[in-house]
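Source file: work20.txt. Holds: compact mmCIF, C-alpha atoms.
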# COMPACT_ATOMS: atom_id res chain seq x y z
CA MET J 1 22.04 -27.47 -32.21
CA ALA J 2 21.33 -25.84 -28.87
CA ASN J 3 24.25 -24.57 -26.80
CA GLN J 4 24.70 -26.37 -23.49
CA HIS J 5 25.19 -24.38 -20.29
CA ILE J 6 28.45 -25.63 -18.77
CA SER J 7 28.88 -24.98 -15.04
CA SER J 8 31.78 -25.93 -12.78
CA ALA J 9 29.40 -26.61 -9.88
CA LEU J 10 28.76 -30.21 -8.92
CA LEU J 11 25.22 -31.35 -9.50
CA ALA J 12 23.70 -32.95 -6.42
CA PRO J 13 21.92 -36.22 -7.11
CA ALA J 14 18.16 -36.15 -6.95
CA PRO J 15 16.79 -37.87 -3.82
CA SER J 16 15.52 -41.32 -4.61
CA ALA J 17 12.00 -42.44 -3.83
CA ALA J 18 13.41 -44.75 -1.15
CA TYR J 19 15.11 -41.94 0.81
CA PRO J 20 14.60 -42.71 4.52
CA MET J 21 12.00 -40.64 6.32
CA ALA J 22 12.20 -39.65 9.97
CA LYS J 23 9.65 -40.64 12.59
CA PRO J 24 6.38 -38.63 12.57
CA GLY J 25 7.09 -35.19 14.02
CA TYR J 26 10.83 -35.36 13.33
CA GLY J 27 13.04 -34.59 10.33
CA LYS J 28 13.15 -31.73 7.84
CA ARG J 29 10.78 -28.77 8.13
CA SER J 30 10.69 -26.03 5.46
CA VAL J 31 10.05 -22.50 6.69
CA PRO J 32 7.47 -20.30 4.93
CA GLY J 33 8.13 -17.28 2.76
CA GLN J 34 10.84 -18.75 0.52
CA ARG J 35 11.63 -17.57 -2.98
CA PRO J 36 10.85 -19.90 -5.92
CA ARG J 37 13.55 -22.45 -6.65
CA THR J 38 16.11 -21.37 -9.28
CA ARG J 39 19.47 -22.63 -10.53
CA ASP J 40 21.30 -19.76 -8.82
CA ASP J 41 20.01 -20.29 -5.27
CA PHE J 42 23.35 -21.30 -3.71
CA ASP J 43 25.89 -19.73 -6.09
CA LEU J 44 27.57 -17.76 -3.29
CA LEU J 45 28.44 -20.92 -1.33
CA PRO J 46 31.59 -23.04 -1.83
CA THR J 47 31.37 -26.12 -4.03
CA ARG J 48 30.81 -28.66 -1.24
CA GLU J 49 28.23 -26.58 0.60
CA ARG J 50 26.42 -25.84 -2.67
CA TYR J 51 26.37 -29.56 -3.45
CA VAL J 52 24.90 -30.48 -0.04
CA ALA J 53 22.44 -27.56 -0.03
CA GLY J 54 21.06 -28.49 -3.43
CA PHE J 55 20.42 -32.04 -2.23
CA VAL J 56 18.80 -31.00 1.08
CA ASP J 57 16.59 -28.44 -0.66
CA HIS J 58 14.97 -31.19 -2.76
CA LEU J 59 14.30 -33.52 0.17
CA PRO J 60 10.62 -33.96 1.10
CA GLU J 61 9.10 -32.77 4.36
CA GLY J 62 9.92 -35.09 7.24
CA ALA J 63 13.03 -36.56 5.59
CA ALA J 64 15.79 -37.85 7.87
CA MET J 65 18.46 -35.17 8.31
CA SER J 66 21.17 -37.02 10.24
CA VAL J 67 24.75 -36.77 9.04
CA LYS J 68 24.90 -40.54 8.62
CA GLN J 69 21.87 -40.68 6.30
CA LEU J 70 23.07 -37.72 4.22
CA ALA J 71 26.51 -39.27 3.80
CA LYS J 72 24.93 -42.48 2.49
CA GLN J 73 23.18 -40.55 -0.27
CA LEU J 74 26.14 -38.26 -1.13
CA PRO J 75 29.06 -40.58 -2.00
CA LEU J 76 31.50 -37.75 -2.79
CA TYR J 77 31.81 -36.76 0.87
CA GLY J 78 32.10 -38.60 4.15
CA GLN J 79 30.32 -37.94 7.42
CA GLN J 80 32.94 -35.44 8.64
CA ALA J 81 32.69 -33.42 5.42
CA ILE J 82 28.88 -33.47 5.56
CA SER J 83 28.96 -32.29 9.18
CA THR J 84 31.28 -29.41 8.27
CA ALA J 85 29.06 -28.47 5.33
CA LEU J 86 25.97 -28.37 7.56
CA ASN J 87 27.82 -26.07 9.98
CA ALA J 88 28.61 -23.73 7.10
CA LEU J 89 24.97 -23.80 5.92
CA SER J 90 23.84 -22.94 9.45
CA VAL J 91 26.23 -19.96 9.57
CA ALA J 92 25.01 -18.88 6.11
CA GLY J 93 21.43 -18.74 7.42
CA HIS J 94 19.89 -21.75 5.66
CA LEU J 95 19.52 -24.24 8.52
CA ARG J 96 18.64 -24.53 12.23
CA ARG J 97 18.36 -27.67 14.37
CA VAL J 98 15.89 -27.54 17.27
CA ARG J 99 14.40 -29.62 20.05
CA CYS J 100 10.69 -29.09 20.55
CA ALA J 101 8.58 -30.37 23.45
CA VAL J 102 5.21 -31.73 22.34
CA GLY J 103 2.37 -33.14 24.41
CA THR J 104 1.03 -32.12 27.80
CA GLY J 105 1.56 -33.28 31.34
CA GLU J 106 3.36 -36.58 31.76
CA GLU J 107 3.06 -37.32 28.04
CA THR J 108 5.49 -34.54 27.06
CA ARG J 109 8.31 -35.71 24.80
CA TRP J 110 11.06 -34.04 22.84
CA VAL J 111 11.19 -34.19 19.06
CA PHE J 112 14.20 -33.19 16.96
CA ARG J 113 13.64 -31.15 13.83
CA THR J 114 15.80 -29.43 11.24
CA PHE J 115 14.30 -26.22 9.86
CA TRP J 116 15.47 -25.48 6.32
CA SER J 117 15.21 -22.32 4.24
CA ARG J 118 16.29 -22.00 0.63
CA THR J 119 16.42 -18.25 1.23
CA ALA J 120 19.19 -17.29 3.68
CA HIS J 121 18.06 -15.38 6.80
CA ASP J 122 19.91 -13.59 9.56
CA ASN J 123 19.86 -14.44 13.27
CA GLU J 124 17.12 -11.90 14.04
CA TRP J 125 14.76 -13.51 11.53
CA TRP J 126 15.45 -17.01 12.84
CA ASN J 127 14.94 -15.93 16.47
CA THR J 128 11.62 -14.33 15.57
CA TYR J 129 10.45 -17.34 13.59
CA LEU J 130 11.43 -19.82 16.30
CA ALA J 131 9.63 -17.63 18.85
CA THR J 132 6.43 -17.98 16.82
CA GLU J 133 7.00 -21.74 16.70
CA ASN J 134 7.36 -21.64 20.48
CA THR J 135 4.09 -19.78 21.12
CA PRO J 136 0.66 -21.42 20.74
CA GLU J 137 -2.32 -19.67 19.23
CA PRO J 138 -4.23 -17.51 21.74
CA VAL J 139 -7.38 -19.04 23.18
CA GLY J 140 -9.06 -15.78 24.22
CA PRO J 141 -12.09 -14.26 22.50
CA ALA J 142 -11.67 -12.65 19.15
CA PRO J 143 -11.27 -8.86 19.15
CA HIS J 144 -14.52 -6.94 18.91
CA VAL J 145 -15.16 -5.42 15.51
CA PRO J 146 -17.85 -2.71 15.53
CA HIS J 147 -20.73 -3.43 13.19
CA VAL J 148 -21.36 -0.74 10.63
CA PRO J 149 -24.86 -1.01 9.13
CA ALA J 150 -24.98 -1.01 5.38
CA PRO J 151 -26.52 2.13 3.85
CA ASP J 152 -30.02 1.86 2.47
CA THR J 153 -29.68 1.76 -1.29
CA THR J 154 -33.33 0.92 -2.09
CA PRO J 155 -34.44 3.28 -4.92
CA PRO J 156 -37.65 5.29 -4.48
CA PRO J 157 -40.81 3.95 -6.16
CA PRO J 158 -41.44 5.12 -9.74
CA PRO J 159 -43.89 7.98 -10.19
CA TRP J 160 -46.49 5.76 -11.88
CA ALA J 161 -46.66 3.29 -8.96
CA PRO J 162 -50.05 3.45 -7.15
CA THR J 163 -49.99 4.88 -3.67
CA GLU J 164 -50.84 2.60 -0.84
CA GLU J 165 -54.37 3.04 0.44
CA PRO J 166 -55.57 2.19 3.94
CA PRO J 167 -57.46 -1.10 4.21
CA PRO J 168 -61.27 -0.86 4.04
CA ALA J 169 -63.09 -0.53 7.34
CA PRO J 170 -64.79 -3.69 8.59
CA PRO J 171 -68.59 -3.83 8.07
CA GLU J 172 -70.53 -2.61 11.04
CA SER J 173 -73.17 -4.68 12.77
CA PRO J 174 -76.83 -3.82 12.22
CA GLY J 175 -77.22 -2.51 15.73
CA THR J 176 -74.37 -0.10 15.45
CA GLU J 177 -75.41 3.46 14.95
CA GLN J 178 -73.78 5.00 11.93
CA ALA J 179 -72.78 8.58 11.59
CA PRO J 180 -74.91 10.59 9.13
CA ALA J 181 -73.42 10.68 5.71
CA THR J 182 -74.31 14.33 5.32
CA ALA J 183 -72.29 15.47 8.29
CA PRO J 184 -70.45 18.70 7.52
CA GLN J 185 -66.75 18.18 6.90
CA SER J 186 -63.93 20.58 6.52
CA PRO J 187 -63.00 21.19 2.92
CA ALA J 188 -60.25 18.81 1.80
CA PRO J 189 -57.09 20.38 0.52
CA SER J 190 -56.67 20.33 -3.18
CA ALA J 191 -54.59 17.41 -4.44
CA VAL J 192 -51.08 18.28 -5.54
CA PRO J 193 -50.24 16.63 -8.85
CA HIS J 194 -47.62 13.89 -8.42
CA GLN J 195 -44.32 15.01 -9.90
CA ARG J 196 -41.83 12.74 -11.58
CA ALA J 197 -39.08 11.85 -9.14
CA PRO J 198 -35.49 12.24 -10.36
CA LEU J 199 -33.59 9.04 -11.08
CA PRO J 200 -31.57 7.87 -8.08
CA ALA J 201 -27.88 8.61 -8.31
CA PRO J 202 -25.49 5.65 -8.06
CA PHE J 203 -24.49 4.94 -4.48
CA THR J 204 -21.02 5.99 -3.44
CA ALA J 205 -19.59 5.07 -0.09
CA PRO J 206 -19.12 8.10 2.12
CA PRO J 207 -15.46 8.96 2.76
CA LYS J 208 -14.03 7.91 6.08
CA LEU J 209 -14.16 10.56 8.73
CA ALA J 210 -11.03 11.34 10.69
CA THR J 211 -12.70 10.23 13.90
CA SER J 212 -13.53 6.77 12.46
CA LEU J 213 -10.06 5.95 11.11
CA SER J 214 -8.27 3.14 12.92
CA PRO J 215 -4.65 3.50 14.12
CA ALA J 216 -3.59 0.89 11.56
CA TYR J 217 -5.20 2.87 8.71
CA LEU J 218 -3.56 6.10 9.88
CA ALA J 219 -0.15 4.41 10.11
CA LEU J 220 -0.45 3.22 6.51
CA ALA J 221 -1.68 6.61 5.32
CA HIS J 222 1.35 8.36 6.89
CA LEU J 223 3.89 6.08 5.19
CA GLY J 224 3.91 8.31 2.10
CA ARG J 225 4.58 11.37 4.30
CA LYS J 226 7.52 9.60 5.90
CA ASP J 227 8.96 8.28 2.63
CA ASP J 228 7.41 9.07 -0.76
CA ARG J 229 8.48 5.66 -2.10
CA LEU J 230 5.69 4.11 0.00
CA ALA J 231 2.88 6.49 -0.94
CA LEU J 232 -0.40 4.55 -0.73
CA SER J 233 -3.84 5.45 -2.03
CA GLU J 234 -7.03 5.31 0.01
CA ASP J 235 -7.97 1.95 -1.51
CA ASP J 236 -4.48 0.61 -0.75
CA CYS J 237 -4.76 1.62 2.91
CA THR J 238 -8.19 0.00 3.16
CA ALA J 239 -6.91 -3.25 1.61
CA LEU J 240 -3.91 -3.44 3.97
CA GLU J 241 -5.69 -2.21 7.11
CA ALA J 242 -6.50 -5.70 8.42
CA GLN J 243 -2.87 -6.87 8.15
CA ALA J 244 -1.56 -3.75 9.87
CA ALA J 245 -4.18 -4.11 12.61
CA GLU J 246 -2.91 -7.66 13.25
CA TRP J 247 0.49 -6.15 14.11
CA LEU J 248 -1.08 -3.84 16.68
CA THR J 249 -3.05 -6.68 18.26
CA ARG J 250 0.28 -8.43 18.90
CA GLY J 251 1.43 -5.64 21.19
CA VAL J 252 3.60 -3.45 18.94
CA SER J 253 3.20 0.31 18.71
CA VAL J 254 2.41 2.42 15.66
CA ASP J 255 5.99 3.75 15.66
CA TYR J 256 7.34 0.18 15.62
CA LEU J 257 5.04 -0.68 12.70
CA THR J 258 6.13 2.40 10.74
CA SER J 259 9.83 1.76 11.37
CA ALA J 260 9.55 -1.89 10.30
CA LEU J 261 7.86 -0.92 7.02
CA THR J 262 10.22 1.93 6.11
CA ALA J 263 13.59 0.53 7.24
CA GLY J 264 16.10 -0.45 4.56
CA LEU J 265 14.04 0.52 1.52
CA PRO J 266 15.48 -0.17 -1.94
CA ALA J 267 16.41 2.71 -4.20
CA LYS J 268 13.15 2.34 -6.15
CA VAL J 269 9.81 0.78 -5.21
CA ASP J 270 7.76 0.03 -8.31
CA CYS J 271 4.61 -1.18 -6.52
CA PRO J 272 4.24 0.36 -3.04
CA VAL J 273 1.10 -1.61 -2.13
CA GLY J 274 2.71 -4.94 -3.05
CA PHE J 275 5.93 -4.02 -1.25
CA VAL J 276 4.10 -3.04 1.95
CA ARG J 277 1.89 -6.18 1.79
CA ARG J 278 4.99 -8.38 1.51
CA ARG J 279 6.67 -6.68 4.49
CA LEU J 280 3.50 -6.93 6.57
CA THR J 281 3.51 -10.68 5.92
CA ASP J 282 7.24 -11.46 6.20
CA LYS J 283 7.99 -9.25 9.23
CA MET J 284 4.89 -10.12 11.25
CA PRO J 285 5.95 -9.95 14.93
CA PRO J 286 5.46 -13.03 17.11
CA ARG J 287 2.27 -13.40 19.07
CA LEU J 288 2.95 -13.20 22.80
CA PRO J 289 0.77 -14.94 25.40
CA THR J 290 -1.57 -12.65 27.28
CA GLN J 291 -0.86 -12.28 31.00
CA ASN J 292 -3.76 -13.17 33.27
CA THR J 293 -3.63 -11.54 36.73
CA SER J 294 -6.99 -12.82 37.96
CA PRO J 295 -6.46 -15.51 40.65
CA ALA J 296 -9.91 -17.05 40.09
CA THR J 297 -9.30 -17.79 36.41
CA PRO J 298 -7.12 -20.84 35.69
CA ALA J 299 -3.75 -20.09 34.18
CA PRO J 300 -3.51 -20.50 30.39
CA ALA J 301 -1.75 -23.50 28.94
CA SER J 302 2.03 -23.13 28.92
CA ALA J 303 3.74 -22.44 25.63
CA ARG J 304 5.54 -25.20 23.80
CA ARG J 305 9.15 -25.28 24.87
CA ILE J 306 11.66 -25.13 22.07
CA LEU J 307 15.43 -25.28 22.25
CA ILE J 308 17.81 -24.76 19.40
CA GLU J 309 20.64 -27.28 19.01
CA CYS J 310 24.21 -26.49 18.07
CA THR J 311 24.56 -27.77 14.51
CA ASP J 312 28.04 -29.07 15.30
CA CYS J 313 28.01 -30.59 18.80
CA GLY J 314 24.24 -30.76 19.52
CA ARG J 315 24.38 -28.67 22.69
CA PRO J 316 20.87 -27.22 23.38
CA GLY J 317 20.13 -23.63 24.30
CA GLN J 318 17.92 -20.64 23.67
CA PRO J 319 18.00 -19.21 20.12
CA GLU J 320 19.63 -15.99 21.34
CA ALA J 321 22.49 -17.95 22.94
CA LEU J 322 23.40 -19.80 19.72
CA PRO J 323 24.07 -17.25 16.97
CA ASP J 324 24.37 -18.80 13.50
CA GLY J 325 23.04 -22.05 15.02
CA LEU J 326 26.37 -22.76 16.77
CA CYS J 327 27.28 -22.63 20.45
CA ARG J 328 30.06 -20.29 21.53
CA PRO J 329 32.94 -22.84 21.49
CA CYS J 330 31.89 -24.29 18.11
CA HIS J 331 31.34 -20.81 16.71
CA THR J 332 34.85 -19.79 17.75
CA THR J 333 36.32 -22.96 16.25
CA HIS J 334 34.42 -22.53 12.99
CA ARG J 335 35.58 -18.92 12.65
CA ALA J 336 39.21 -19.85 13.36
CA GLU J 337 39.13 -22.64 10.76
CA ALA J 338 37.58 -20.33 8.17
CA ASP J 339 40.27 -17.66 8.77
CA ASN J 340 43.33 -19.91 8.99
CA ASP J 341 42.53 -22.52 6.34
CA PRO J 342 40.52 -20.97 3.53
CA ILE J 343 39.50 -23.31 0.74
CA GLN J 344 40.91 -22.31 -2.60
CA PRO J 345 38.42 -22.67 -5.46
CA ALA J 346 41.00 -24.41 -7.66
CA GLU J 347 41.86 -26.93 -4.96
CA ALA J 348 38.20 -27.60 -4.23
CA ALA J 349 37.47 -28.23 -7.90
CA LYS J 350 40.50 -30.51 -8.18
CA ALA J 351 39.47 -32.55 -5.12
CA ALA J 352 35.92 -32.85 -6.43
CA ASP J 353 37.22 -34.02 -9.80
CA ILE J 354 39.39 -36.69 -8.15
CA LYS J 355 36.48 -37.96 -6.07
CA ALA J 356 34.23 -38.07 -9.12
CA ARG J 357 36.81 -40.15 -10.99
CA MET J 358 37.20 -42.53 -8.05
CA ALA J 359 33.43 -42.98 -7.86
CA ASN J 360 33.35 -43.71 -11.59
CA LEU J 361 36.12 -46.33 -11.20
CA ARG J 362 34.22 -48.01 -8.37
CA ASP J 363 31.13 -48.20 -10.55
CA LEU J 364 33.15 -49.80 -13.36
CA LEU J 365 34.58 -52.42 -11.01
CA LYS J 366 31.17 -53.53 -9.81
CA PRO J 367 30.07 -56.89 -11.21
CA VAL J 368 27.45 -56.66 -13.93
Using structure tokens, write down the structure from this file.
Amino acid sequence: MANQHISSALLAPAPSAAYPMAKPGYGKRSVPGQRPRTRDDFDLLPTRERYVAGFVDHLPEGAAMSVKQLAKQLPLYGQQAISTALNALSVAGHLRRVRCAVGTGEETRWVFRTFWSRTAHDNEWWNTYLATENTPEPVGPAPHVPHVPAPDTTPPPPPWAPTEEPPPAPPESPGTEQAPATAPQSPAPSAVPHQRAPLPAPFTAPPKLATSLSPAYLALAHLGRKDDRLALSEDDCTALEAQAAEWLTRGVSVDYLTSALTAGLPAKVDCPVGFVRRRLTDKMPPRLPTQNTSPATPAPASARRILIECTDCGRPGQPEALPDGLCRPCHTTHRAEADNDPIQPAEAAKAADIKARMANLRDLLKPV
């Protein structure tokens, strides 16, 4: 008989197929770069927040994220408790509510979205991600990539292949005077016997010269000099060169790239190339719009406006002005409540047990 894993955490109900969806463009949005789902994703959160987070994490894209709809699906807690739990999840780095302007001209309208991340992130990560959501893709021409001709790898002809002979001369007309066949000619040089050519060696790409190395390649090559935990081979630098070059095209310097890749390294890096590739992807800086100073050229299209909403009161503002997804008054209130009235684990478990029993009694009283 298999042993059952007993956990004191409340199991959030699975969302039903009839869970209400938001209007197109609204609702839940999952951010990229999340870890695979496991049973220990929200173990550091209190019982209520872990219960709500487990339910929200399984909701589909575009699901309605209002407090009223969540409270209907989670009978253990009311709307006030759900609202407090969402505030705590926002402070923990799992959730951000935003207003995003879509459309152009007079057709611009605001849509309300809730960005969700199973993996907790700090304020700097959220500000960077929301900045990329706020910036459209550049419309300018693609950067010029110099064309390097491929080396000629055609092997020489084998020694037994016949040499090419010039085509025969066209026949001359009868009236054309021909040169005498017995005209004296200079003695022809003696023919040199054709020697067997050596077999062609397998082609190997010539090593990169120092003058042809890109700044991105050099930055990757110097990582091992800066910290031996990130020592990369020549093939590794070539494979990661395109990703590093994308950083430089977004306006950052080589020093910024190096600092971002070497900051906060773990004690041991088992696979330097995989570690650097992951950081190049996860810490990609936002793409900024190019400034056009030419008066004759029309101005580029304005970036999509995005405002983050306070998770508690809904007050809009710039991401930098709402740390942890809360405005300053709500942030102060949340911190005071967390310091003055901490939730004891035993009391939380007792309250959850009482609510579970009450829900069971209500189910028993329902007519069959």
Residue contacts of J:Arg35 (12 Å, all atoms listed in the file) excluding same-chain residues fewer than 6 positions away, as a PyMOL selection string: chain J and resi 41+117-121+282
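Minimum atom-to-atom distance to J:Leu280, evaluated using only C-alpha atoms, belongs to J:Gly33 out of J:Ile354, J:Asp235, J:Gly33, J:Ala336.
Of the residues under consideration (J:Pro75, J:Ala63, J:Gln69, J:Gly224), J:Pro75 shows the shortest atom-to-atom contact distance to J:Asn360 when counting all atoms listed in the file.
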Which residue, J:Gly314, J:Ser66, J:Leu130, J:Leu76, has the smallest gap to J:Arg362 when you use all atoms listed in the file?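 Nearest to J:Arg362: J:Leu76.
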Atom CA of J:Trp247 and atom CA of J:Phe275 are how many Å apart? 16.4 Å
Within 9 Å of stretch 81-94 of chain J, counting all atoms listed in the file, which residues show up once you throw out same-chain ones fewer than 3 positions away? Write them as a compact mmCIF listing (two decimals) with C-alpha atoms, in the coordinates of the input, please.
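Below is the file that was written, result-v7.txt:
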# COMPACT_ATOMS: atom_id res chain seq x y z
CA LEU J 45 28.44 -20.92 -1.33
CA ARG J 48 30.81 -28.66 -1.24
CA GLU J 49 28.23 -26.58 0.60
CA ARG J 50 26.42 -25.84 -2.67
CA VAL J 52 24.90 -30.48 -0.04
CA ALA J 53 22.44 -27.56 -0.03
CA VAL J 67 24.75 -36.77 9.04
CA LYS J 68 24.90 -40.54 8.62
CA LEU J 70 23.07 -37.72 4.22
CA ALA J 71 26.51 -39.27 3.80
CA LEU J 74 26.14 -38.26 -1.13
CA TYR J 77 31.81 -36.76 0.87
CA GLY J 78 32.10 -38.60 4.15
CA ARG J 97 18.36 -27.67 14.37
CA PHE J 115 14.30 -26.22 9.86
CA TRP J 116 15.47 -25.48 6.32
CA SER J 117 15.21 -22.32 4.24
CA ARG J 118 16.29 -22.00 0.63
CA THR J 119 16.42 -18.25 1.23
CA ALA J 120 19.19 -17.29 3.68
CA HIS J 121 18.06 -15.38 6.80
CA ASP J 122 19.91 -13.59 9.56
CA ASN J 123 19.86 -14.44 13.27
CA TRP J 126 15.45 -17.01 12.84
CA CYS J 310 24.21 -26.49 18.07
CA THR J 311 24.56 -27.77 14.51
CA ASP J 312 28.04 -29.07 15.30
CA PRO J 323 24.07 -17.25 16.97
CA ASP J 324 24.37 -18.80 13.50
CA GLY J 325 23.04 -22.05 15.02
CA LEU J 326 26.37 -22.76 16.77
CA HIS J 331 31.34 -20.81 16.71
CA HIS J 334 34.42 -22.53 12.99
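Take the candidates J:Lys355, J:Arg229, J:Arg278, J:Arg96 and check each one against J:Tyr129 using only C-alpha atoms; the shortest distance goes to J:Arg96.
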I need the residue nearest J:Glu124 from this list: J:Pro32, J:Pro319, J:Pro329, J:Pro20. Use only C-alpha atoms for the distance. J:Pro319
Interatomic distance, atom CA of J:Lys226 to atom CA of J:Ser259 (Å, one decimal):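 Distance reported for this atom pair: 9.8 Å.
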Could you tell me which of J:Leu248, J:Ile308, J:Cys100, J:Leu265 comes closest to J:Gly25 if we count all atoms listed in the file?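 Among the listed residues, the smallest separation from J:Gly25 belongs to J:Cys100.
Atom to atom, atom CA of J:Arg29 and atom CA of J:Leu322 stand 19.3 Å apart.
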Can you pull out every residue within 12 Å of J:Ala263, counting only C-alpha atoms, but drop anything in the same chain fewer than 6 positions away, and send it as a ChimeraX atom specification? /J:223,226-227,229-230,255-257,276,279,283
